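Down below is the structure, laid out as structure tokens.
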Amino acid sequence: MDSIARWAPRRAIHPFHAAVLGGVLPLFLGALLSDYAYWSSHEIQWSNFAAWLLVGAMVVTSIALVCAIVSALRGYNVIYLVVLALTWVVGFFNALHHARDAWAIMPGALVMSVIVSLLALVATVMGFCSLRTGGAR
Amino acid sequence: MKRRTSTAFAVSVLALALAACNKAPDMKQYGAEPELPKPNRTLMPDMTIAKPVAWGDQVPTVPEGYRISAIATDLGIPRQTLVLPNGDILVAEGRGGSAPNLKPKDVIAGRIKAKGNTSVKGGNRLTLLRDADGDGVYEMKTVFADNLNAPYGLAMIGNTLYVANQDALVRFDYREGQTRASAAPAKVTDLPSAINHHWTKSLAASADGMYLYVGIGSNSNITERGMSAEVDRAMVWQVDARTGAHRVYATGLRNPTALAIQPGTGALWAVVNERDEIGPNLVPDYLTSVQEGGFYGWPYSYWGKNVDQRVMPQDPEKVASALTPDYALGSHVAALGVSFSAPAMGGQFAEGVFVGEHGSWNRDPPVGYKVVFVPFRNGRPAGDPIDFVSGFRSDDEKTRGRPVGVTVDPRGALIVADDLANTIWRVTPAATTPAPVPAPAAPAPAAQE
């Protein structure tokens with residue numbers, strides 16, 4: 001806990017920033033689970049779900065990224081911004097990759113969904129850990 | 001670890017960007033043994049879309065000794081044509097398909113592809129063109145039948161005209177000289193029409209007049225709508241002309257966009273559009289005789305037994321049974337018309353087939369956008385395709401027209417439907433005067449029967 005608190009900022013992120021950041025992991029995780037379902041069942045509808053979940057994930061990640069840039073300019077944790085930016089980049093390539101037809105998305109789609117979900121998890125933890133600091137608990 | 005990941009991605013972005021800039025390498029894409037490279041997928045499919053411009057005073061280019069003229073303009077998306085016994089020409093006009101957008105990609109790609117097509121509304125009708133005095137000018141243009149549902153394939157058996165709508169095969173009674181159908185069409189049989197990703201239903205009548213062959217395209221590029229969407233798709237049906245009963249004649253034909261019966265042998269031939277998005281030089285569209293009971297690969301394999309890894313689960317047994325088509329036309333040319341030539345076409349174009357190539361969207365540089373002639377000898381393709389009608393796409397990346405159906409008039413003319421310019425072109429040997437067309441017996445339709 002101490003180590004988190006050390007690089008945590010003085011202030012918590014803005015509630016709007018928190019709201020969109022909160023959507024990033026569930027949507028990427030949904031895409032990952034859908035990709036896994038397609039991988040294991042060959043049922044094409046799962047890959048459609050994954051493609052649309054990624055579109056949703058990219059929308060909230062893009063908004064969260066703008067918020068993170070603004071926060072960084074105000075002195076917020078830059079490493080959080082970098083991780084979120086990386087999440088955006090991997091998510092973007094994953095979304096394009098999902099435009100391939102049928103099994104052509106495999107195995108890349110599954111691999112990228114795992115990577116982007118882990119990045120989203122780290123970014124979310126870093127973004128929210130600030131809420132634990134300070135006396136306003 | 002983070003840094004390494006980002007470096008790896010930077011490298012892959014660069015590689016993909018370079019790959020996207022590369023023009024397709026020249027490979028032998030024609031004939032019985034085309035060169036097949038390894039499948040190659042880029043991050044985004046190459047999309048090179050035709051920028052439509054008007055023909056103005058220009059016309060397509062034809063070989064020396066031939067001339068071309070527009071015999072009808074301002075049509076509602078002409079697709080296929082049929083030359084009637086008295087020389088009149090029927091034109092099927094329309095736009096079909098109701099495939100819903102399933103993935104984000106469909107939404108984006110659909111908008112881009114639409115830029116290369118006409119914005120005119122489909123006619124859903126048959127238009128009749130007549131040149132009563134045989135001077136090569138088709139002075140009559142009249143609606144023969146309307147309220148059809150994206151009509152495409154046309155065929156005639158005796159006094160019955162068959163039309164393949166996107167959802168049903170229908171028939172009209174026809175009397176020589178008629179300019180307007182005497183009644184609404186009667187349904188022969190329903191055709192598979194759910195989704196209708198590839199909606200065109202091609203049509204040919206057997207030489208003995210007993211059967212109709214209907215070409216039915218697949219419901220996806222490569223099974224991305226699931227195999228349940230492919231029931232009764234990517235095949236040719238043989239339909240009994242009297243009863244409407246059908247049986248499956250051949251399968252594995254991804255999109256058999258035009259069918260023709262070979263004069264003399266009576267064999268069924270087809271042009272077939274093959275799959276996209278595995279590279280600029282895969283997979284060649286082809287011309288082939290269609291063997292009864294034959295399986296031509298889609299979706300499991302292409303050009304014979306080359307397995308397509310995008311289909312899961314795979315089917316090695318089906319792959320082992322796949323036939324290799326007769327003649328490759330080139331990847332992405334989008335062959336949409338086929339017609340056997342006639343001696344009256346003259347010279348080197350007397351024996352063979354004409355193929356209308358709509359042109360590519362998934363290739364850089366673009367290909368197709370022309371009508372080629374594939375010479376035949378002893379009833380088989382022999383030699384490279386020869387450009388017969390070209391100039392639809394100019395070097396400045398502008399596209400004036402896109403050929404679809406081609407039909408040989410046995411009197412010595414090639415009829416070409418252009419669904420971008422909404423025009424019908426007619427190519428004739430210049431040396432001979434246009435053959436006189438017998439004046440129709442009845443200039444106006446008789447009273448209702």
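Naming scheme: A, B, ... for chains in displayed order of the structure tokens; residues 1 onward per chain; ligands 1 onward as shown.
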#### Entry: Selection: 6 Å around segment 285-302 of chain B, only C-alpha atoms, excl. self and same-chain fewer than 4 positions, as a ChimeraX atom specification
/B:249-254,268-274,306-308,319,322-323,325-331
For those residues, write N, CA and C atoms to a file as a PDB file, in the first residue's frame.
```pdb
ATOM      1  N   TYR B 249     -26.880 -28.784 -58.459  1.00  0.00           N
ATOM      2  CA  TYR B 249     -26.116 -29.251 -59.618  1.00  0.00           C
ATOM      3  C   TYR B 249     -24.614 -29.254 -59.341  1.00  0.00           C
ATOM      4  N   ALA B 250     -24.133 -28.195 -58.707  1.00  0.00           N
ATOM      5  CA  ALA B 250     -22.711 -28.115 -58.357  1.00  0.00           C
ATOM      6  C   ALA B 250     -22.565 -27.187 -57.165  1.00  0.00           C
ATOM      7  N   THR B 251     -21.523 -27.400 -56.344  1.00  0.00           N
ATOM      8  CA  THR B 251     -21.357 -26.629 -55.107  1.00  0.00           C
ATOM      9  C   THR B 251     -19.941 -26.061 -55.008  1.00  0.00           C
ATOM     10  N   GLY B 252     -19.737 -25.254 -53.971  1.00  0.00           N
ATOM     11  CA  GLY B 252     -18.409 -24.704 -53.715  1.00  0.00           C
ATOM     12  C   GLY B 252     -18.030 -23.569 -54.655  1.00  0.00           C
ATOM     13  N   LEU B 253     -19.036 -23.039 -55.382  1.00  0.00           N
ATOM     14  CA  LEU B 253     -18.812 -21.920 -56.299  1.00  0.00           C
ATOM     15  C   LEU B 253     -19.185 -20.642 -55.544  1.00  0.00           C
ATOM     16  N   ARG B 254     -18.177 -19.884 -55.082  1.00  0.00           N
ATOM     17  CA  ARG B 254     -18.429 -18.793 -54.138  1.00  0.00           C
ATOM     18  C   ARG B 254     -19.487 -17.816 -54.640  1.00  0.00           C
ATOM     19  N   LEU B 268     -22.490 -26.542 -69.410  1.00  0.00           N
ATOM     20  CA  LEU B 268     -22.719 -25.335 -68.613  1.00  0.00           C
ATOM     21  C   LEU B 268     -21.379 -24.734 -68.209  1.00  0.00           C
ATOM     22  N   TRP B 269     -21.210 -23.451 -68.456  1.00  0.00           N
ATOM     23  CA  TRP B 269     -20.013 -22.706 -68.036  1.00  0.00           C
ATOM     24  C   TRP B 269     -20.442 -21.591 -67.103  1.00  0.00           C
ATOM     25  N   ALA B 270     -19.508 -21.193 -66.256  1.00  0.00           N
ATOM     26  CA  ALA B 270     -19.799 -20.116 -65.308  1.00  0.00           C
ATOM     27  C   ALA B 270     -18.565 -19.247 -65.129  1.00  0.00           C
ATOM     28  N   VAL B 271     -18.796 -17.971 -64.813  1.00  0.00           N
ATOM     29  CA  VAL B 271     -17.716 -17.169 -64.229  1.00  0.00           C
ATOM     30  C   VAL B 271     -18.035 -17.020 -62.751  1.00  0.00           C
ATOM     31  N   VAL B 272     -16.982 -17.137 -61.933  1.00  0.00           N
ATOM     32  CA  VAL B 272     -17.153 -17.184 -60.485  1.00  0.00           C
ATOM     33  C   VAL B 272     -16.218 -16.169 -59.830  1.00  0.00           C
ATOM     34  N   ASN B 273     -16.775 -15.391 -58.906  1.00  0.00           N
ATOM     35  CA  ASN B 273     -15.957 -14.441 -58.150  1.00  0.00           C
ATOM     36  C   ASN B 273     -15.438 -15.115 -56.892  1.00  0.00           C
ATOM     37  N   GLU B 274     -14.130 -15.058 -56.726  1.00  0.00           N
ATOM     38  CA  GLU B 274     -13.513 -15.727 -55.579  1.00  0.00           C
ATOM     39  C   GLU B 274     -13.321 -14.771 -54.397  1.00  0.00           C
ATOM     40  N   ASN B 306      -6.119 -25.718 -52.286  1.00  0.00           N
ATOM     41  CA  ASN B 306      -5.376 -24.792 -51.414  1.00  0.00           C
ATOM     42  C   ASN B 306      -6.264 -24.403 -50.242  1.00  0.00           C
ATOM     43  N   VAL B 307      -5.919 -24.884 -49.058  1.00  0.00           N
ATOM     44  CA  VAL B 307      -6.782 -24.704 -47.880  1.00  0.00           C
ATOM     45  C   VAL B 307      -6.836 -23.235 -47.474  1.00  0.00           C
ATOM     46  N   ASP B 308      -8.025 -22.741 -47.185  1.00  0.00           N
ATOM     47  CA  ASP B 308      -8.209 -21.401 -46.652  1.00  0.00           C
ATOM     48  C   ASP B 308      -8.289 -21.498 -45.136  1.00  0.00           C
ATOM     49  N   VAL B 319     -12.021 -30.728 -48.951  1.00  0.00           N
ATOM     50  CA  VAL B 319     -10.865 -30.196 -49.676  1.00  0.00           C
ATOM     51  C   VAL B 319     -10.333 -31.243 -50.651  1.00  0.00           C
ATOM     52  N   ALA B 322     -12.160 -31.329 -53.903  1.00  0.00           N
ATOM     53  CA  ALA B 322     -12.363 -30.066 -54.642  1.00  0.00           C
ATOM     54  C   ALA B 322     -11.768 -30.136 -56.042  1.00  0.00           C
ATOM     55  N   LEU B 323     -12.554 -29.677 -57.022  1.00  0.00           N
ATOM     56  CA  LEU B 323     -12.100 -29.613 -58.410  1.00  0.00           C
ATOM     57  C   LEU B 323     -11.352 -28.298 -58.645  1.00  0.00           C
ATOM     58  N   PRO B 325     -10.714 -25.222 -61.102  1.00  0.00           N
ATOM     59  CA  PRO B 325     -11.417 -24.609 -62.237  1.00  0.00           C
ATOM     60  C   PRO B 325     -10.575 -24.640 -63.510  1.00  0.00           C
ATOM     61  N   ASP B 326     -11.231 -24.365 -64.649  1.00  0.00           N
ATOM     62  CA  ASP B 326     -10.552 -24.481 -65.938  1.00  0.00           C
ATOM     63  C   ASP B 326      -9.605 -23.328 -66.242  1.00  0.00           C
ATOM     64  N   TYR B 327     -10.014 -22.101 -65.895  1.00  0.00           N
ATOM     65  CA  TYR B 327      -9.283 -20.954 -66.456  1.00  0.00           C
ATOM     66  C   TYR B 327      -9.356 -19.774 -65.497  1.00  0.00           C
ATOM     67  N   ALA B 328      -8.206 -19.314 -64.995  1.00  0.00           N
ATOM     68  CA  ALA B 328      -8.167 -18.163 -64.099  1.00  0.00           C
ATOM     69  C   ALA B 328      -8.248 -16.875 -64.902  1.00  0.00           C
ATOM     70  N   LEU B 329      -9.024 -15.928 -64.378  1.00  0.00           N
ATOM     71  CA  LEU B 329      -9.196 -14.638 -65.050  1.00  0.00           C
ATOM     72  C   LEU B 329      -8.382 -13.538 -64.376  1.00  0.00           C
ATOM     73  N   GLY B 330      -7.849 -13.823 -63.189  1.00  0.00           N
ATOM     74  CA  GLY B 330      -7.108 -12.823 -62.430  1.00  0.00           C
ATOM     75  C   GLY B 330      -7.827 -12.517 -61.130  1.00  0.00           C
ATOM     76  N   SER B 331      -7.048 -12.228 -60.083  1.00  0.00           N
ATOM     77  CA  SER B 331      -7.648 -11.973 -58.774  1.00  0.00           C
ATOM     78  C   SER B 331      -8.346 -10.624 -58.757  1.00  0.00           C
TER      79      SER B 331
END
```
#### Entry: Non-local contacts of Gly76 of chain B (9 Å; only C-alpha atoms; under 2 positions in same chain excluded) as a PyMOL selection string
chain B and resi 74+78+92-95+120-125+419+422
### Message
Residues of chain A were defined as contacting chain B if any atom lay at most 7 Å from it, counting only C-alpha atoms; please report them as a PyMOL selection string.
### Response
chain A and resi 42+44+48+51-52+96-97+99+101-104
### Message
Using only C-alpha atoms, which protein or nucleic acid residues come within 10 Å of Leu121 of chain A? Drop anything in the same chain fewer than 2 positions from it, and give the result as a list in words.
### Response
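With the cut-off at 10 Å, the set is Val24, Leu25, Pro26, Phe28, Leu29, Val83, Leu84, Thr87, Ile115, Val116, Ser117, Leu118, Leu119, Ala123, Thr124, Val125, Met126 and Gly127 of chain A.
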### Message
as a PyMOL selection string, please: the residues near segment 379-387 of chain B (cut-off 9 Å, only C-alpha atoms, same-chain neighbours under 4 positions excluded).
### Response
chain B and resi 30-32+62-63+262+264-265+326-327+329+351-353+370-375
For the residues selected in the previous step, produce a file with C-alpha atoms as a PDB file, in the first residue's frame.
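Generated file (selection-v4.pdb):
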```
ATOM      1  CA  TYR B  30      -4.375 -15.981 -66.167  1.00  0.00           C
ATOM      2  CA  GLY B  31      -5.005 -19.375 -67.638  1.00  0.00           C
ATOM      3  CA  ALA B  32      -5.147 -22.926 -66.413  1.00  0.00           C
ATOM      4  CA  VAL B  62     -12.426  -1.431 -78.828  1.00  0.00           C
ATOM      5  CA  PRO B  63      -9.997  -3.286 -81.125  1.00  0.00           C
ATOM      6  CA  GLN B 262     -21.628 -23.701 -74.709  1.00  0.00           C
ATOM      7  CA  GLY B 264     -22.471 -27.404 -79.720  1.00  0.00           C
ATOM      8  CA  THR B 265     -21.589 -29.282 -76.534  1.00  0.00           C
ATOM      9  CA  ASP B 326     -10.552 -24.481 -65.938  1.00  0.00           C
ATOM     10  CA  TYR B 327      -9.283 -20.954 -66.456  1.00  0.00           C
ATOM     11  CA  LEU B 329      -9.196 -14.638 -65.050  1.00  0.00           C
ATOM     12  CA  GLU B 351     -14.412 -18.675 -81.144  1.00  0.00           C
ATOM     13  CA  GLY B 352     -14.287 -18.095 -77.401  1.00  0.00           C
ATOM     14  CA  VAL B 353     -16.087 -16.261 -74.642  1.00  0.00           C
ATOM     15  CA  LYS B 370     -12.981  -4.054 -68.991  1.00  0.00           C
ATOM     16  CA  VAL B 371     -14.436  -6.768 -71.177  1.00  0.00           C
ATOM     17  CA  VAL B 372     -11.959  -9.468 -72.165  1.00  0.00           C
ATOM     18  CA  PHE B 373     -12.125 -12.205 -74.762  1.00  0.00           C
ATOM     19  CA  VAL B 374     -10.872 -15.662 -73.851  1.00  0.00           C
ATOM     20  CA  PRO B 375     -10.074 -17.542 -77.065  1.00  0.00           C
TER      21      PRO B 375
END
```
### Query
Using only C-alpha atoms, which residues sit within 9 Å of Val60 of chain A once same-chain residues fewer than 3 positions away are excluded, as a ChimeraX atom specification?
/A:20-24,27,55-57,63-65
Selection above as a file: N, CA and C atoms, as a short mmCIF file (atom, residue, chain, number, x, y, z; two decimals), in the first residue's frame:
```
data_model
loop_
_atom_site.label_atom_id
_atom_site.label_comp_id
_atom_site.auth_asym_id
_atom_site.auth_seq_id
_atom_site.Cartn_x
_atom_site.Cartn_y
_atom_site.Cartn_z
N VAL A 20 -15.49 7.40 -16.85
CA VAL A 20 -15.11 6.78 -18.13
C VAL A 20 -13.98 5.76 -17.92
N LEU A 21 -13.06 6.05 -17.01
CA LEU A 21 -11.99 5.08 -16.76
C LEU A 21 -12.57 3.76 -16.25
N GLY A 22 -13.65 3.88 -15.49
CA GLY A 22 -14.29 2.67 -14.95
C GLY A 22 -14.86 1.78 -16.04
N GLY A 23 -15.10 2.34 -17.24
CA GLY A 23 -15.67 1.52 -18.33
C GLY A 23 -14.62 0.79 -19.14
N VAL A 24 -13.37 1.18 -18.99
CA VAL A 24 -12.31 0.65 -19.87
C VAL A 24 -12.11 -0.85 -19.66
N LEU A 27 -15.08 -3.38 -20.64
CA LEU A 27 -15.30 -3.56 -22.08
C LEU A 27 -14.17 -4.38 -22.71
N VAL A 55 -15.08 -1.62 -29.98
CA VAL A 55 -15.46 -0.26 -30.38
C VAL A 55 -15.86 0.54 -29.13
N GLY A 56 -16.68 -0.07 -28.28
CA GLY A 56 -17.08 0.60 -27.04
C GLY A 56 -15.88 0.89 -26.16
N ALA A 57 -14.98 -0.08 -26.06
CA ALA A 57 -13.78 0.10 -25.24
C ALA A 57 -12.94 1.26 -25.76
N ILE A 63 -11.83 8.81 -24.44
CA ILE A 63 -12.26 9.91 -23.57
C ILE A 63 -11.39 9.94 -22.31
N ALA A 64 -11.14 8.74 -21.75
CA ALA A 64 -10.31 8.67 -20.54
C ALA A 64 -8.90 9.18 -20.83
N LEU A 65 -8.42 8.91 -22.05
CA LEU A 65 -7.08 9.34 -22.43
C LEU A 65 -7.01 10.87 -22.48
#
```
### Task
Please identify all polymer residues within 10 Å of segment 365-367 of chain B, counting only C-alpha atoms, omitting same-chain residues fewer than 4 positions from it, and present them as an NGL selection string.
:B and (22-25 or 46-50 or 280 or 330-334 or 357-361 or 393 or 397)
Can you spit out the residues from that selection as a PDB file, in the first residue's frame, using N, CA and C atoms?
```pdb
ATOM      1  N   ASN B  22       3.011  -0.876 -50.766  1.00  0.00           N
ATOM      2  CA  ASN B  22       3.496  -1.708 -51.856  1.00  0.00           C
ATOM      3  C   ASN B  22       2.406  -1.991 -52.866  1.00  0.00           C
ATOM      4  N   LYS B  23       2.746  -1.797 -54.121  1.00  0.00           N
ATOM      5  CA  LYS B  23       1.813  -2.191 -55.171  1.00  0.00           C
ATOM      6  C   LYS B  23       1.895  -3.706 -55.334  1.00  0.00           C
ATOM      7  N   ALA B  24       0.806  -4.274 -55.810  1.00  0.00           N
ATOM      8  CA  ALA B  24       0.780  -5.715 -55.983  1.00  0.00           C
ATOM      9  C   ALA B  24       1.843  -6.134 -56.987  1.00  0.00           C
ATOM     10  N   PRO B  25       2.628  -7.164 -56.662  1.00  0.00           N
ATOM     11  CA  PRO B  25       3.629  -7.628 -57.619  1.00  0.00           C
ATOM     12  C   PRO B  25       2.960  -8.265 -58.832  1.00  0.00           C
ATOM     13  N   ASP B  46      -6.570  -3.606 -48.678  1.00  0.00           N
ATOM     14  CA  ASP B  46      -6.400  -2.565 -49.692  1.00  0.00           C
ATOM     15  C   ASP B  46      -7.773  -2.167 -50.198  1.00  0.00           C
ATOM     16  N   MET B  47      -8.072  -0.900 -50.145  1.00  0.00           N
ATOM     17  CA  MET B  47      -9.326  -0.468 -50.744  1.00  0.00           C
ATOM     18  C   MET B  47      -9.019   0.664 -51.712  1.00  0.00           C
ATOM     19  N   THR B  48      -9.087   0.363 -52.981  1.00  0.00           N
ATOM     20  CA  THR B  48      -8.871   1.368 -54.008  1.00  0.00           C
ATOM     21  C   THR B  48     -10.181   1.505 -54.766  1.00  0.00           C
ATOM     22  N   ILE B  49     -10.853   2.608 -54.511  1.00  0.00           N
ATOM     23  CA  ILE B  49     -12.214   2.757 -54.998  1.00  0.00           C
ATOM     24  C   ILE B  49     -12.231   3.645 -56.238  1.00  0.00           C
ATOM     25  N   ALA B  50     -13.029   3.224 -57.195  1.00  0.00           N
ATOM     26  CA  ALA B  50     -13.179   3.979 -58.427  1.00  0.00           C
ATOM     27  C   ALA B  50     -13.816   5.337 -58.150  1.00  0.00           C
ATOM     28  N   PRO B 280      -3.330  -9.234 -52.878  1.00  0.00           N
ATOM     29  CA  PRO B 280      -3.714  -8.698 -54.186  1.00  0.00           C
ATOM     30  C   PRO B 280      -3.736  -9.755 -55.283  1.00  0.00           C
ATOM     31  N   GLY B 330      -7.849 -13.823 -63.189  1.00  0.00           N
ATOM     32  CA  GLY B 330      -7.108 -12.823 -62.430  1.00  0.00           C
ATOM     33  C   GLY B 330      -7.827 -12.517 -61.130  1.00  0.00           C
ATOM     34  N   SER B 331      -7.048 -12.228 -60.083  1.00  0.00           N
ATOM     35  CA  SER B 331      -7.648 -11.973 -58.774  1.00  0.00           C
ATOM     36  C   SER B 331      -8.346 -10.624 -58.757  1.00  0.00           C
ATOM     37  N   HIS B 332      -9.506 -10.593 -58.163  1.00  0.00           N
ATOM     38  CA  HIS B 332     -10.263  -9.359 -57.890  1.00  0.00           C
ATOM     39  C   HIS B 332     -10.813  -8.659 -59.125  1.00  0.00           C
ATOM     40  N   VAL B 333     -10.759  -9.295 -60.312  1.00  0.00           N
ATOM     41  CA  VAL B 333     -11.288  -8.611 -61.503  1.00  0.00           C
ATOM     42  C   VAL B 333     -12.809  -8.483 -61.441  1.00  0.00           C
ATOM     43  N   ALA B 334     -13.467  -9.321 -60.639  1.00  0.00           N
ATOM     44  CA  ALA B 334     -14.924  -9.292 -60.475  1.00  0.00           C
ATOM     45  C   ALA B 334     -15.644  -9.550 -61.794  1.00  0.00           C
ATOM     46  N   GLU B 357     -15.791  -7.657 -66.801  1.00  0.00           N
ATOM     47  CA  GLU B 357     -15.101  -7.548 -65.509  1.00  0.00           C
ATOM     48  C   GLU B 357     -15.426  -6.199 -64.864  1.00  0.00           C
ATOM     49  N   HIS B 358     -16.175  -6.269 -63.781  1.00  0.00           N
ATOM     50  CA  HIS B 358     -16.677  -5.081 -63.090  1.00  0.00           C
ATOM     51  C   HIS B 358     -15.543  -4.257 -62.484  1.00  0.00           C
ATOM     52  N   GLY B 359     -14.485  -4.916 -62.063  1.00  0.00           N
ATOM     53  CA  GLY B 359     -13.318  -4.221 -61.511  1.00  0.00           C
ATOM     54  C   GLY B 359     -13.224  -4.359 -60.005  1.00  0.00           C
ATOM     55  N   SER B 360     -11.992  -4.218 -59.508  1.00  0.00           N
ATOM     56  CA  SER B 360     -11.681  -4.555 -58.120  1.00  0.00           C
ATOM     57  C   SER B 360     -11.955  -3.408 -57.165  1.00  0.00           C
ATOM     58  N   TRP B 361     -12.107  -3.744 -55.879  1.00  0.00           N
ATOM     59  CA  TRP B 361     -12.022  -2.764 -54.794  1.00  0.00           C
ATOM     60  C   TRP B 361     -10.893  -3.130 -53.838  1.00  0.00           C
ATOM     61  N   ARG B 393     -11.673   2.649 -67.138  1.00  0.00           N
ATOM     62  CA  ARG B 393     -10.932   3.306 -66.080  1.00  0.00           C
ATOM     63  C   ARG B 393      -9.707   3.944 -66.714  1.00  0.00           C
ATOM     64  N   GLU B 397      -6.954   7.619 -62.584  1.00  0.00           N
ATOM     65  CA  GLU B 397      -7.715   7.100 -61.439  1.00  0.00           C
ATOM     66  C   GLU B 397      -9.198   7.423 -61.494  1.00  0.00           C
TER      67      GLU B 397
END
```
#### Entry: Point-to-point distance from atom CA of Gly177 of chain B to atom CA of Asp88 of chain B, Å rounded to tenths
8.1 Å
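Comparing A:Val114, A:Cys67, A:Ala31, A:Ala50 by their smallest distance to Pro15 of chain A, the closest is A:Cys67 (using only C-alpha atoms).
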### Message
Using only C-alpha atoms, which protein or nucleic acid residues come within 8 Å of segment 201-218 of chain B? Drop anything in the same chain fewer than 6 positions from it, and give the result as a PyMOL selection string.
### Response
chain B and resi 151-158+163-166+192+230+232-242+253-261+266+268
### Query
At what distance in Å, to one decimal, does atom CA of Thr142 of chain B lie from atom CA of Gly56 of chain B?
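Distance between the two atoms: 24.0 Å.
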### Query
Would you give me, as a PyMOL selection string, the residues in chain A that DSSP reads as helix (DSSP H, G or I)?
chain A and resi 2-7+15-41+44-73+78-97+102-105+108-132
